[in-house]
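Next comes input38.pdb, with PDB, C-alpha atoms and all ligand atoms.
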```pdb
ATOM      1  CA  MET P  21      56.538 -45.584 -18.026
ATOM      2  CA  VAL P  22      56.705 -48.771 -15.944
ATOM      3  CA  GLN P  23      54.167 -47.766 -13.326
ATOM      4  CA  THR P  24      52.091 -44.635 -13.034
ATOM      5  CA  PRO P  25      54.067 -42.154 -10.881
ATOM      6  CA  ARG P  26      52.094 -41.022  -7.824
ATOM      7  CA  ILE P  27      52.779 -37.385  -7.086
ATOM      8  CA  VAL P  28      51.476 -35.119  -4.335
ATOM      9  CA  VAL P  29      51.662 -31.358  -4.790
ATOM     10  CA  VAL P  30      51.394 -29.076  -1.753
ATOM     11  CA  GLY P  31      51.032 -25.547  -3.053
ATOM     12  CA  SER P  32      49.113 -22.590  -4.364
ATOM     13  CA  ILE P  33      45.989 -22.409  -6.478
ATOM     14  CA  ASN P  34      45.358 -19.024  -8.111
ATOM     15  CA  MET P  35      43.072 -17.423 -10.606
ATOM     16  CA  ASP P  36      45.310 -15.610 -13.093
ATOM     17  CA  LEU P  37      44.034 -12.308 -14.486
ATOM     18  CA  VAL P  38      46.160 -11.736 -17.551
ATOM     19  CA  ALA P  39      46.655  -8.586 -19.621
ATOM     20  CA  ARG P  40      48.428  -8.890 -22.947
ATOM     21  CA  VAL P  41      50.453  -5.736 -23.595
ATOM     22  CA  PRO P  42      52.880  -4.591 -26.321
ATOM     23  CA  HIS P  43      55.475  -3.947 -23.618
ATOM     24  CA  LEU P  44      55.427  -4.203 -19.835
ATOM     25  CA  PRO P  45      54.701  -0.796 -18.264
ATOM     26  CA  ARG P  46      57.471   1.009 -16.394
ATOM     27  CA  PRO P  47      56.601   2.576 -12.989
ATOM     28  CA  GLY P  48      54.132   5.401 -13.598
ATOM     29  CA  GLU P  49      53.453   4.365 -17.205
ATOM     30  CA  THR P  50      50.020   3.380 -18.589
ATOM     31  CA  VAL P  51      49.941   1.025 -21.566
ATOM     32  CA  ARG P  52      47.007  -0.087 -23.696
ATOM     33  CA  GLY P  53      46.510  -3.832 -23.478
ATOM     34  CA  SER P  54      45.368  -5.860 -26.463
ATOM     35  CA  ALA P  55      43.566  -8.693 -24.633
ATOM     36  CA  PHE P  56      42.436  -9.879 -21.227
ATOM     37  CA  SER P  57      41.963 -13.438 -20.020
ATOM     38  CA  GLN P  58      41.056 -15.151 -16.775
ATOM     39  CA  VAL P  59      42.742 -18.537 -16.522
ATOM     40  CA  PRO P  60      43.480 -21.068 -13.772
ATOM     41  CA  GLY P  61      47.027 -20.861 -12.408
ATOM     42  CA  GLY P  62      49.072 -20.915  -9.232
ATOM     43  CA  LYS P  63      52.495 -22.539  -9.109
ATOM     44  CA  GLY P  64      51.221 -25.531  -7.163
ATOM     45  CA  ALA P  65      48.140 -26.124  -9.299
ATOM     46  CA  ASN P  66      50.102 -25.558 -12.520
ATOM     47  CA  GLN P  67      52.588 -28.235 -11.469
ATOM     48  CA  ALA P  68      49.779 -30.583 -10.468
ATOM     49  CA  VAL P  69      48.089 -30.234 -13.870
ATOM     50  CA  ALA P  70      51.406 -30.530 -15.715
ATOM     51  CA  ALA P  71      52.282 -33.756 -13.896
ATOM     52  CA  ALA P  72      48.810 -35.188 -14.582
ATOM     53  CA  LEU P  73      49.083 -34.395 -18.317
ATOM     54  CA  LEU P  74      52.508 -36.057 -18.315
ATOM     55  CA  GLY P  75      50.897 -39.273 -17.082
ATOM     56  CA  ALA P  76      51.173 -39.099 -13.286
ATOM     57  CA  ASP P  77      48.473 -39.827 -10.744
ATOM     58  CA  VAL P  78      48.356 -36.475  -8.941
ATOM     59  CA  THR P  79      46.869 -35.382  -5.635
ATOM     60  CA  MET P  80      46.746 -31.682  -4.799
ATOM     61  CA  ILE P  81      46.830 -30.403  -1.231
ATOM     62  CA  GLY P  82      45.816 -26.764  -1.063
ATOM     63  CA  ARG P  83      43.143 -24.200  -0.352
ATOM     64  CA  VAL P  84      40.760 -22.101  -2.419
ATOM     65  CA  GLY P  85      38.382 -19.402  -1.175
ATOM     66  CA  ASN P  86      34.638 -19.706  -0.851
ATOM     67  CA  ASP P  87      34.053 -17.571  -3.923
ATOM     68  CA  ALA P  88      33.270 -18.114  -7.600
ATOM     69  CA  PHE P  89      36.984 -18.331  -8.453
ATOM     70  CA  GLY P  90      37.388 -21.110  -5.895
ATOM     71  CA  GLN P  91      34.664 -23.173  -7.551
ATOM     72  CA  GLN P  92      36.165 -22.591 -11.006
ATOM     73  CA  LEU P  93      39.671 -23.489  -9.802
ATOM     74  CA  LEU P  94      38.446 -26.721  -8.214
ATOM     75  CA  ALA P  95      36.500 -27.621 -11.347
ATOM     76  CA  SER P  96      39.526 -26.960 -13.535
ATOM     77  CA  LEU P  97      41.788 -29.221 -11.451
ATOM     78  CA  LYS P  98      39.197 -32.023 -11.598
ATOM     79  CA  THR P  99      38.788 -31.627 -15.358
ATOM     80  CA  GLN P 100      42.547 -32.013 -15.807
ATOM     81  CA  GLY P 101      42.496 -35.249 -13.805
ATOM     82  CA  VAL P 102      43.972 -33.988 -10.512
ATOM     83  CA  HIS P 103      42.551 -35.480  -7.271
ATOM     84  CA  THR P 104      41.063 -32.640  -5.217
ATOM     85  CA  LYS P 105      39.884 -34.450  -2.080
ATOM     86  CA  HIS P 106      42.568 -32.564  -0.106
ATOM     87  CA  VAL P 107      41.781 -29.136  -1.569
ATOM     88  CA  HIS P 108      39.808 -27.272   1.077
ATOM     89  CA  VAL P 109      37.300 -24.488   0.555
ATOM     90  CA  THR P 110      38.186 -21.771   3.081
ATOM     91  CA  PRO P 111      35.291 -19.893   4.703
ATOM     92  CA  ASP P 112      35.337 -16.094   4.621
ATOM     93  CA  CYS P 113      38.432 -15.953   2.467
ATOM     94  CA  PRO P 114      39.019 -15.077  -1.208
ATOM     95  CA  SER P 115      40.863 -17.417  -3.540
ATOM     96  CA  GLY P 116      44.459 -16.710  -4.479
ATOM     97  CA  LEU P 117      44.859 -14.247  -7.339
ATOM     98  CA  ALA P 118      47.665 -13.399  -9.726
ATOM     99  CA  LEU P 119      47.730 -10.193 -11.762
ATOM    100  CA  ILE P 120      49.861 -10.935 -14.792
ATOM    101  CA  GLY P 121      51.128  -8.763 -17.617
ATOM    102  CA  VAL P 122      52.500 -10.561 -20.677
ATOM    103  CA  GLU P 123      54.290  -8.573 -23.358
ATOM    104  CA  ASP P 124      54.670  -9.516 -26.998
ATOM    105  CA  SER P 125      58.103 -11.068 -26.406
ATOM    106  CA  GLY P 126      56.402 -13.546 -24.039
ATOM    107  CA  GLN P 127      58.058 -12.111 -20.910
ATOM    108  CA  ASN P 128      55.791 -11.449 -17.954
ATOM    109  CA  VAL P 129      55.448  -9.716 -14.604
ATOM    110  CA  ILE P 130      53.341 -11.351 -11.903
ATOM    111  CA  THR P 131      51.836  -9.973  -8.690
ATOM    112  CA  VAL P 132      50.364 -12.634  -6.416
ATOM    113  CA  ILE P 133      47.739 -12.012  -3.744
ATOM    114  CA  GLY P 134      47.834 -15.138  -1.596
ATOM    115  CA  GLY P 135      44.243 -15.263  -0.306
ATOM    116  CA  ALA P 136      43.307 -18.788   0.766
ATOM    117  CA  ASN P 137      46.795 -20.079  -0.066
ATOM    118  CA  GLU P 138      48.027 -18.216   3.019
ATOM    119  CA  ARG P 139      45.672 -20.316   5.150
ATOM    120  CA  LEU P 140      47.175 -23.669   4.202
ATOM    121  CA  THR P 141      48.530 -24.991   7.498
ATOM    122  CA  PRO P 142      50.877 -27.750   8.669
ATOM    123  CA  GLU P 143      47.732 -29.331  10.172
ATOM    124  CA  ASP P 144      46.168 -29.475   6.703
ATOM    125  CA  VAL P 145      49.241 -31.343   5.528
ATOM    126  CA  GLN P 146      49.160 -33.709   8.542
ATOM    127  CA  ALA P 147      45.510 -34.422   7.813
ATOM    128  CA  SER P 148      46.550 -35.593   4.331
ATOM    129  CA  GLU P 149      49.309 -37.892   5.599
ATOM    130  CA  ALA P 150      47.786 -40.956   3.939
ATOM    131  CA  ALA P 151      48.057 -39.332   0.496
ATOM    132  CA  ILE P 152      51.668 -38.329   1.130
ATOM    133  CA  ALA P 153      52.539 -41.773   2.490
ATOM    134  CA  ASP P 154      51.244 -43.257  -0.750
ATOM    135  CA  ALA P 155      53.210 -40.911  -3.027
ATOM    136  CA  ASP P 156      56.424 -41.537  -4.964
ATOM    137  CA  ALA P 157      57.242 -37.823  -4.970
ATOM    138  CA  LEU P 158      56.247 -34.581  -3.278
ATOM    139  CA  LEU P 159      56.391 -31.262  -5.121
ATOM    140  CA  VAL P 160      56.437 -28.010  -3.153
ATOM    141  CA  GLN P 161      56.926 -24.337  -4.020
ATOM    142  CA  LEU P 162      56.938 -21.137  -1.923
ATOM    143  CA  GLU P 163      53.477 -19.641  -2.506
ATOM    144  CA  VAL P 164      52.032 -21.146   0.693
ATOM    145  CA  PRO P 165      53.321 -20.543   4.264
ATOM    146  CA  LEU P 166      56.888 -21.737   4.828
ATOM    147  CA  GLN P 167      55.990 -23.779   7.909
ATOM    148  CA  THR P 168      53.481 -25.679   5.762
ATOM    149  CA  VAL P 169      56.145 -26.381   3.142
ATOM    150  CA  VAL P 170      58.497 -27.623   5.873
ATOM    151  CA  ALA P 171      55.787 -29.877   7.324
ATOM    152  CA  ALA P 172      55.098 -31.366   3.885
ATOM    153  CA  VAL P 173      58.780 -32.032   3.196
ATOM    154  CA  GLN P 174      59.296 -33.664   6.597
ATOM    155  CA  LEU P 175      56.229 -35.863   6.217
ATOM    156  CA  ALA P 176      57.183 -36.944   2.714
ATOM    157  CA  ALA P 177      60.745 -37.722   3.826
ATOM    158  CA  LYS P 178      59.386 -39.794   6.716
ATOM    159  CA  HIS P 179      57.472 -41.895   4.198
ATOM    160  CA  GLY P 180      60.367 -42.204   1.756
ATOM    161  CA  ALA P 181      58.948 -40.062  -1.051
ATOM    162  CA  LEU P 182      61.282 -38.127  -3.341
ATOM    163  CA  THR P 183      61.089 -34.484  -2.208
ATOM    164  CA  ILE P 184      61.381 -31.690  -4.777
ATOM    165  CA  LEU P 185      61.409 -27.980  -3.907
ATOM    166  CA  ASP P 186      60.807 -25.355  -6.563
ATOM    167  CA  PRO P 187      61.912 -22.254  -4.598
ATOM    168  CA  ALA P 188      59.537 -19.900  -6.399
ATOM    169  CA  PRO P 189      58.785 -17.122  -5.985
ATOM    170  CA  ALA P 190      62.322 -16.199  -4.913
ATOM    171  CA  PRO P 191      62.429 -16.105  -1.116
ATOM    172  CA  ALA P 192      62.997 -12.679   0.464
ATOM    173  CA  ALA P 193      64.645 -14.217   3.549
ATOM    174  CA  PRO P 194      66.908 -17.230   4.067
ATOM    175  CA  LEU P 195      65.066 -20.531   3.800
ATOM    176  CA  PRO P 196      64.709 -22.717   6.901
ATOM    177  CA  ALA P 197      67.520 -25.270   7.064
ATOM    178  CA  GLU P 198      64.983 -28.123   6.868
ATOM    179  CA  LEU P 199      64.182 -27.185   3.282
ATOM    180  CA  TYR P 200      67.749 -27.911   2.203
ATOM    181  CA  GLY P 201      67.057 -31.503   3.216
ATOM    182  CA  VAL P 202      65.020 -32.020   0.031
ATOM    183  CA  ASP P 203      66.262 -34.484  -2.566
ATOM    184  CA  LEU P 204      66.199 -31.905  -5.349
ATOM    185  CA  ILE P 205      65.856 -28.146  -5.686
ATOM    186  CA  SER P 206      64.968 -26.490  -9.015
ATOM    187  CA  PRO P 207      65.516 -22.710  -8.907
ATOM    188  CA  ASN P 208      65.590 -20.486 -11.958
ATOM    189  CA  GLN P 209      68.483 -18.049 -12.364
ATOM    190  CA  SER P 210      67.055 -15.296 -10.151
ATOM    191  CA  GLU P 211      65.952 -17.758  -7.477
ATOM    192  CA  ALA P 212      69.400 -19.369  -7.479
ATOM    193  CA  GLU P 213      70.892 -15.909  -6.999
ATOM    194  CA  ALA P 214      68.432 -15.088  -4.190
ATOM    195  CA  LEU P 215      69.391 -18.313  -2.418
ATOM    196  CA  THR P 216      73.151 -18.169  -2.901
ATOM    197  CA  GLY P 217      74.073 -14.555  -3.709
ATOM    198  CA  ILE P 218      75.719 -15.805  -6.915
ATOM    199  CA  ALA P 219      74.531 -14.212 -10.174
ATOM    200  CA  VAL P 220      74.074 -17.144 -12.537
ATOM    201  CA  VAL P 221      75.454 -15.578 -15.719
ATOM    202  CA  THR P 222      78.031 -18.173 -16.714
ATOM    203  CA  MET P 223      78.229 -21.928 -16.500
ATOM    204  CA  GLY P 224      80.935 -21.480 -13.876
ATOM    205  CA  ALA P 225      78.553 -19.344 -11.825
ATOM    206  CA  ALA P 226      75.796 -21.960 -12.219
ATOM    207  CA  GLN P 227      78.214 -24.575 -10.987
ATOM    208  CA  ARG P 228      79.210 -22.428  -7.994
ATOM    209  CA  ALA P 229      75.571 -21.726  -7.122
ATOM    210  CA  ALA P 230      74.786 -25.436  -7.354
ATOM    211  CA  ALA P 231      77.812 -26.239  -5.186
ATOM    212  CA  ALA P 232      76.599 -23.751  -2.555
ATOM    213  CA  LEU P 233      73.222 -25.477  -2.501
ATOM    214  CA  HIS P 234      74.878 -28.908  -2.277
ATOM    215  CA  GLU P 235      76.907 -27.644   0.678
ATOM    216  CA  ARG P 236      73.658 -26.839   2.459
ATOM    217  CA  GLY P 237      72.583 -30.448   2.010
ATOM    218  CA  VAL P 238      70.584 -30.684  -1.238
ATOM    219  CA  LYS P 239      71.559 -33.838  -3.138
ATOM    220  CA  ARG P 240      70.497 -32.733  -6.607
ATOM    221  CA  VAL P 241      70.318 -29.231  -8.053
ATOM    222  CA  VAL P 242      68.727 -28.324 -11.381
ATOM    223  CA  ILE P 243      68.962 -24.642 -12.321
ATOM    224  CA  LYS P 244      66.475 -23.537 -14.989
ATOM    225  CA  LEU P 245      68.112 -21.310 -17.601
ATOM    226  CA  GLY P 246      65.110 -20.452 -19.778
ATOM    227  CA  GLU P 247      65.749 -20.774 -23.507
ATOM    228  CA  ARG P 248      69.305 -21.895 -22.697
ATOM    229  CA  GLY P 249      68.048 -25.078 -21.076
ATOM    230  CA  ALA P 250      69.220 -26.105 -17.627
ATOM    231  CA  PHE P 251      72.238 -26.916 -15.483
ATOM    232  CA  ALA P 252      72.019 -30.111 -13.429
ATOM    233  CA  SER P 253      74.373 -31.501 -10.818
ATOM    234  CA  GLU P 254      74.335 -34.034  -8.039
ATOM    235  CA  ILE P 255      76.576 -34.734  -5.077
ATOM    236  CA  GLY P 256      79.154 -37.259  -6.179
ATOM    237  CA  GLY P 257      77.930 -37.092  -9.784
ATOM    238  CA  GLU P 258      78.362 -35.062 -12.932
ATOM    239  CA  ALA P 259      77.529 -31.429 -13.621
ATOM    240  CA  ILE P 260      75.785 -31.100 -16.978
ATOM    241  CA  GLN P 261      74.273 -28.298 -19.071
ATOM    242  CA  LEU P 262      71.338 -29.465 -21.147
ATOM    243  CA  PRO P 263      69.728 -27.622 -24.054
ATOM    244  CA  ALA P 264      66.114 -26.638 -24.575
ATOM    245  CA  PRO P 265      64.451 -26.945 -27.966
ATOM    246  CA  GLN P 266      64.154 -23.680 -29.887
ATOM    247  CA  VAL P 267      60.492 -22.688 -29.981
ATOM    248  CA  ASN P 268      58.277 -19.767 -30.876
ATOM    249  CA  VAL P 269      57.706 -18.131 -27.489
ATOM    250  CA  VAL P 270      54.199 -16.783 -26.861
ATOM    251  CA  ASP P 271      54.029 -16.633 -23.058
ATOM    252  CA  THR P 272      56.649 -17.711 -20.502
ATOM    253  CA  THR P 273      54.127 -17.901 -17.631
ATOM    254  CA  ALA P 274      54.275 -21.307 -15.930
ATOM    255  CA  ALA P 275      57.150 -22.621 -18.068
ATOM    256  CA  GLY P 276      59.076 -23.211 -14.843
ATOM    257  CA  ASP P 277      56.105 -25.088 -13.424
ATOM    258  CA  ALA P 278      55.971 -27.372 -16.465
ATOM    259  CA  PHE P 279      59.720 -27.913 -16.103
ATOM    260  CA  THR P 280      59.675 -28.972 -12.445
ATOM    261  CA  ALA P 281      56.609 -31.175 -12.859
ATOM    262  CA  ALA P 282      58.252 -32.942 -15.803
ATOM    263  CA  LEU P 283      61.444 -33.405 -13.823
ATOM    264  CA  ALA P 284      59.473 -35.085 -11.037
ATOM    265  CA  VAL P 285      57.594 -37.391 -13.392
ATOM    266  CA  ALA P 286      60.747 -38.417 -15.233
ATOM    267  CA  LEU P 287      62.744 -39.071 -12.054
ATOM    268  CA  VAL P 288      59.965 -41.207 -10.569
ATOM    269  CA  ASP P 289      59.927 -42.975 -13.921
ATOM    270  CA  GLY P 290      63.504 -44.037 -13.151
ATOM    271  CA  ARG P 291      65.321 -41.778 -15.602
ATOM    272  CA  SER P 292      68.799 -40.468 -14.888
ATOM    273  CA  LEU P 293      69.157 -36.845 -13.774
ATOM    274  CA  ALA P 294      70.431 -35.891 -17.244
ATOM    275  CA  ASP P 295      67.550 -37.607 -19.058
ATOM    276  CA  ALA P 296      64.975 -36.223 -16.648
ATOM    277  CA  THR P 297      66.377 -32.706 -17.083
ATOM    278  CA  ARG P 298      66.282 -33.046 -20.862
ATOM    279  CA  PHE P 299      62.609 -34.094 -20.636
ATOM    280  CA  ALA P 300      61.958 -31.135 -18.299
ATOM    281  CA  CYS P 301      63.634 -28.650 -20.665
ATOM    282  CA  THR P 302      61.327 -29.806 -23.427
ATOM    283  CA  ALA P 303      58.217 -29.564 -21.268
ATOM    284  CA  GLY P 304      59.180 -26.049 -20.163
ATOM    285  CA  SER P 305      59.839 -24.936 -23.730
ATOM    286  CA  LEU P 306      56.549 -26.340 -25.005
ATOM    287  CA  ALA P 307      54.688 -24.480 -22.239
ATOM    288  CA  THR P 308      56.034 -21.181 -23.609
ATOM    289  CA  THR P 309      54.433 -21.805 -27.008
ATOM    290  CA  ARG P 310      50.912 -21.309 -25.597
ATOM    291  CA  PRO P 311      49.247 -18.649 -23.478
ATOM    292  CA  GLY P 312      48.195 -19.272 -19.891
ATOM    293  CA  GLY P 313      49.143 -21.288 -16.839
ATOM    294  CA  GLN P 314      47.432 -24.659 -16.596
ATOM    295  CA  ASP P 315      46.132 -24.291 -20.165
ATOM    296  CA  ALA P 316      49.695 -24.154 -21.470
ATOM    297  CA  MET P 317      50.871 -27.463 -20.045
ATOM    298  CA  PRO P 318      52.031 -30.018 -22.626
ATOM    299  CA  LEU P 319      50.934 -33.631 -23.005
ATOM    300  CA  ARG P 320      53.336 -36.528 -22.421
ATOM    301  CA  ALA P 321      53.309 -37.536 -26.097
ATOM    302  CA  GLU P 322      54.251 -34.009 -27.175
ATOM    303  CA  VAL P 323      57.155 -33.871 -24.752
ATOM    304  CA  LEU P 324      58.422 -37.313 -25.716
ATOM    305  CA  GLY P 325      58.196 -36.399 -29.405
ATOM    306  CA  ALA P 326      60.041 -33.110 -29.025
ATOM    307  CA  THR P 327      62.673 -34.554 -26.666
ATOM    308  CA  ALA P 328      63.553 -37.223 -29.213
ATOM    309  CA  GLY P 329      64.918 -34.482 -31.482
ATOM    310  CA  LEU P 330      67.310 -33.090 -28.858
ATOM    311  CA  PRO P 331      71.008 -33.940 -28.708
ATOM    312  CA  SER P 332      71.564 -36.560 -26.036
ATOM    313  CA  SER P 333      75.300 -36.397 -25.482
ATOM    314  CA  ALA P 334      77.889 -33.940 -24.238
ATOM    315  CA  ALA P 335      79.059 -31.271 -26.665
ATOM    316  CA  SER P 336      79.875 -27.587 -26.796
ATOM    317  CA  THR P 337      77.481 -24.683 -26.164
ATOM    318  CA  GLY P 338      75.016 -23.334 -28.727
ATOM    319  CA  GLY P 339      72.041 -25.645 -28.348
ATOM    320  CA  GLN P 340      73.991 -28.790 -27.536
ATOM    321  CA  ALA P 341      74.157 -30.709 -24.289
ATOM    322  CA  THR P 342      77.355 -29.708 -22.527
ATOM    323  CA  ARG P 343      79.397 -30.781 -19.524
ATOM    324  CA  GLY P 344      82.031 -28.777 -17.682
ATOM    325  CA  THR P 345      82.215 -25.020 -17.344
ATOM    326  CA  PRO P 346      81.748 -23.187 -20.659
ATOM    327  CA  LYS P 347      80.112 -19.725 -20.618
ATOM    328  CA  LEU P 348      76.359 -19.353 -20.841
ATOM    329  CA  SER P 349      75.666 -17.459 -24.026
ATOM    330  CA  PRO P 350      74.376 -13.965 -23.066
TER     331      PRO P 350
HETATM  332  O1  LIG P 401      54.376 -19.787 -12.243
HETATM  333  C1  LIG P 401      53.289 -19.104 -12.812
HETATM  334  C2  LIG P 401      52.242 -18.839 -11.766
HETATM  335  O2  LIG P 401      52.745 -17.944 -10.825
HETATM  336  C3  LIG P 401      50.980 -18.194 -12.272
HETATM  337  O3  LIG P 401      50.056 -19.138 -12.727
HETATM  338  C4  LIG P 401      50.522 -17.364 -11.080
HETATM  339  O4  LIG P 401      49.343 -17.803 -10.522
HETATM  340  C5  LIG P 401      51.675 -17.415 -10.093
HETATM  341  O5  LIG P 401      51.441 -18.300  -9.073
END
```
Structure rendered as structure tokens:
Amino acid sequence: MVQTPRIVVVGSINMDLVARVPHLPRPGETVRGSAFSQVPGGKGANQAVAAALLGADVTMIGRVGNDAFGQQLLASLKTQGVHTKHVHVTPDCPSGLALIGVEDSGQNVITVIGGANERLTPEDVQASEAAIADADALLVQLEVPLQTVVAAVQLAAKHGALTILDPAPAPAAPLPAELYGVDLISPNQSEAEALTGIAVVTMGAAQRAAAALHERGVKRVVIKLGERGAFASEIGGEAIQLPAPQVNVVDTTAAGDAFTAALAVALVDGRSLADATRFACTAGSLATTRPGGQDAMPLRAEVLGATAGLPSSAASTGGQATRGTPKLSP
């Protein structure tokens, strides 16, 4: 790292209430859980912590409630080295909550109750303009009001920061056109489908979904493919599939957050899109080896060590970096 990347995250801060279950309940079914935990999460805060642990200087812009969870969430961000001057305590409002079920395979279901996150306004973002003006990159997701996300992207673009949108959770309605002006978008498969209508089940489909997003104006697209790695493309550049290291999956919660944060850090570090995506795949995979949201985020040294073992050049499918349009293995 030449200089410490300065990253601003505008996004959600949640307390995650997590039940470990043998399998996720179907509608109407009751299952016996084996463990409960209360851990700090929220897509925005997870990405802030991940970027800080990967060596960035991170400022969070967000809101917590004026409740015990809010105090714990603020304390957790500070402990992890995230600047919280622009995290506001919201009067008469509960903190954001996520009810999470994690089954033994590591898969999860998440219900988010926005709470104070819903009160984050464009004015809050404007009031933090100095922090954004000073940043190399802005990271946004979709767990705070859309007009606030738009305001953050526009302000960051005005100041020349790299703008990265993680369109999670998947939007129920079309995104405002302004959000396709970001430098990079990093959907997972279901989010890519929600945005484009294309089911990302093959490399060809990933390429078509990426092309649709490029057509709307996004310069770089990185589609997260879980244990199969990621597909990355840029306007005028290559389209590449990159592998993820094989790991023992414990909990997939926040793996996507680790991925996007790592992508941001690596790009600000001056890495190519392919190298940055490889680094991000490793960070995402490592996050699945531990339970929790912020608690699961890997350290820079771990990610560098594990990335070193990955193939670095183009090859066929099956755990190798690939270019072109082979099928995604089912
Ligand atoms: O991406 C994982 C996160 O989604 C959880 O931490 C939960 O809070 C929800 O925001």
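When all atoms listed in the file are used to compute distances to ligand LIG 401 (chain P), the closest of the residues P:Pro311, P:Gly246, P:Pro142, P:Gly276 turns out to be P:Gly276.
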Please identify every residue of chain P that has at least one atom no farther than 9 Å from an atom of ligand LIG 401 (chain P), counting all atoms listed in the file, and for each give the shortest atom pair and the distance in Å to one decimal, arranged by chain then increasing number, as JSON lines.
```
{"residue": "P:Ser32", "atom": "CA", "partner": "P:LIG401", "partner_atom": "O5", "distance": 6.8}
{"residue": "P:Ile33", "atom": "CA", "partner": "P:LIG401", "partner_atom": "O4", "distance": 7.0}
{"residue": "P:Asn34", "atom": "CA", "partner": "P:LIG401", "partner_atom": "O4", "distance": 4.8}
{"residue": "P:Met35", "atom": "CA", "partner": "P:LIG401", "partner_atom": "O4", "distance": 6.3}
{"residue": "P:Asp36", "atom": "CA", "partner": "P:LIG401", "partner_atom": "O4", "distance": 5.3}
{"residue": "P:Leu37", "atom": "CA", "partner": "P:LIG401", "partner_atom": "O4", "distance": 8.6}
{"residue": "P:Val59", "atom": "CA", "partner": "P:LIG401", "partner_atom": "O3", "distance": 8.3}
{"residue": "P:Pro60", "atom": "CA", "partner": "P:LIG401", "partner_atom": "O3", "distance": 6.9}
{"residue": "P:Gly61", "atom": "CA", "partner": "P:LIG401", "partner_atom": "O3", "distance": 3.5}
{"residue": "P:Gly62", "atom": "CA", "partner": "P:LIG401", "partner_atom": "O4", "distance": 3.4}
{"residue": "P:Lys63", "atom": "CA", "partner": "P:LIG401", "partner_atom": "O5", "distance": 4.4}
{"residue": "P:Gly64", "atom": "CA", "partner": "P:LIG401", "partner_atom": "O5", "distance": 7.5}
{"residue": "P:Ala65", "atom": "CA", "partner": "P:LIG401", "partner_atom": "O3", "distance": 8.0}
{"residue": "P:Asn66", "atom": "CA", "partner": "P:LIG401", "partner_atom": "O3", "distance": 6.4}
{"residue": "P:Gln67", "atom": "CA", "partner": "P:LIG401", "partner_atom": "O1", "distance": 8.7}
{"residue": "P:Gly116", "atom": "CA", "partner": "P:LIG401", "partner_atom": "O4", "distance": 7.8}
{"residue": "P:Leu117", "atom": "CA", "partner": "P:LIG401", "partner_atom": "O4", "distance": 6.5}
{"residue": "P:Ala118", "atom": "CA", "partner": "P:LIG401", "partner_atom": "O4", "distance": 4.8}
{"residue": "P:Leu119", "atom": "CA", "partner": "P:LIG401", "partner_atom": "C4", "distance": 7.7}
{"residue": "P:Ile120", "atom": "CA", "partner": "P:LIG401", "partner_atom": "C4", "distance": 7.5}
{"residue": "P:Ile130", "atom": "CA", "partner": "P:LIG401", "partner_atom": "C5", "distance": 6.5}
{"residue": "P:Thr131", "atom": "CA", "partner": "P:LIG401", "partner_atom": "C5", "distance": 7.6}
{"residue": "P:Val132", "atom": "CA", "partner": "P:LIG401", "partner_atom": "C5", "distance": 6.2}
{"residue": "P:Gly134", "atom": "CA", "partner": "P:LIG401", "partner_atom": "O5", "distance": 8.9}
{"residue": "P:Glu163", "atom": "CA", "partner": "P:LIG401", "partner_atom": "O5", "distance": 7.0}
{"residue": "P:Ala188", "atom": "CA", "partner": "P:LIG401", "partner_atom": "O1", "distance": 7.8}
{"residue": "P:Pro189", "atom": "CA", "partner": "P:LIG401", "partner_atom": "O2", "distance": 7.8}
{"residue": "P:Thr272", "atom": "CA", "partner": "P:LIG401", "partner_atom": "C1", "distance": 8.5}
{"residue": "P:Thr273", "atom": "CA", "partner": "P:LIG401", "partner_atom": "C1", "distance": 5.0}
{"residue": "P:Ala274", "atom": "CA", "partner": "P:LIG401", "partner_atom": "C1", "distance": 3.9}
{"residue": "P:Ala275", "atom": "CA", "partner": "P:LIG401", "partner_atom": "O1", "distance": 7.0}
{"residue": "P:Gly276", "atom": "CA", "partner": "P:LIG401", "partner_atom": "O1", "distance": 6.4}
{"residue": "P:Asp277", "atom": "CA", "partner": "P:LIG401", "partner_atom": "O1", "distance": 5.7}
{"residue": "P:Ala278", "atom": "CA", "partner": "P:LIG401", "partner_atom": "O1", "distance": 8.8}
{"residue": "P:Gly312", "atom": "CA", "partner": "P:LIG401", "partner_atom": "O3", "distance": 7.4}
{"residue": "P:Gly313", "atom": "CA", "partner": "P:LIG401", "partner_atom": "O3", "distance": 4.7}
{"residue": "P:Gln314", "atom": "CA", "partner": "P:LIG401", "partner_atom": "O3", "distance": 7.2}
```
So which residues get picked by the PyMOL selection byres (((chain P and resi 90-106) around 10) and not hetatm) here, written as number ranges by chain?
P: 28-30, 33-35, 59-62, 65-66, 68-73, 75-89, 107-110, 113-116, 136, 144-145, 147-148, 151, 314-315
Using the chain letters and numbering of this document, enumerate as an MDAnalysis selection string the residues selected by the PyMOL selection byres (((chain P and resi 245) around 10) and not hetatm).
chainID P and resid 207:210 220:221 226 242:244 246:251 261:264 276 301 348
Would you pick out the contacts of Asp289 (chain P) at 12 Å or less, using all atoms listed in the file, so that residues sharing its chain but fewer than 6 positions from it are not included, and give the list as a ChimeraX atom specification?
/P:21-27,71,74-76,156-157,182,282-283,295-296,299
Separation of CA of Arg236 (chain P) and CA of Leu166 (chain P), in Å?
17.7 Å
Around all listed atoms of region 67-73 of chain P, padded 8 Å per side, what centre and edge lengths does the axis-aligned box have in Å to one decimal, as JSON?
```
{"center_x": 50.3, "center_y": -31.7, "center_z": -14.4, "size_x": 20.5, "size_y": 23.0, "size_z": 23.8}
```
Using all atoms listed in the file, the residue out of P:Leu324, P:Leu158, P:Ala232, P:Val169 with shortest distance to Glu213 (chain P) is P:Ala232
Residues within 7 Å of Ile184 (chain P), please, as a list in words. Count only C-alpha atoms; anything in the same chain fewer than 6 positions from it doesn't count.
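That gives Leu158, Leu159, Val160, Val202, Asp203, Leu204 and Ile205 of chain P.
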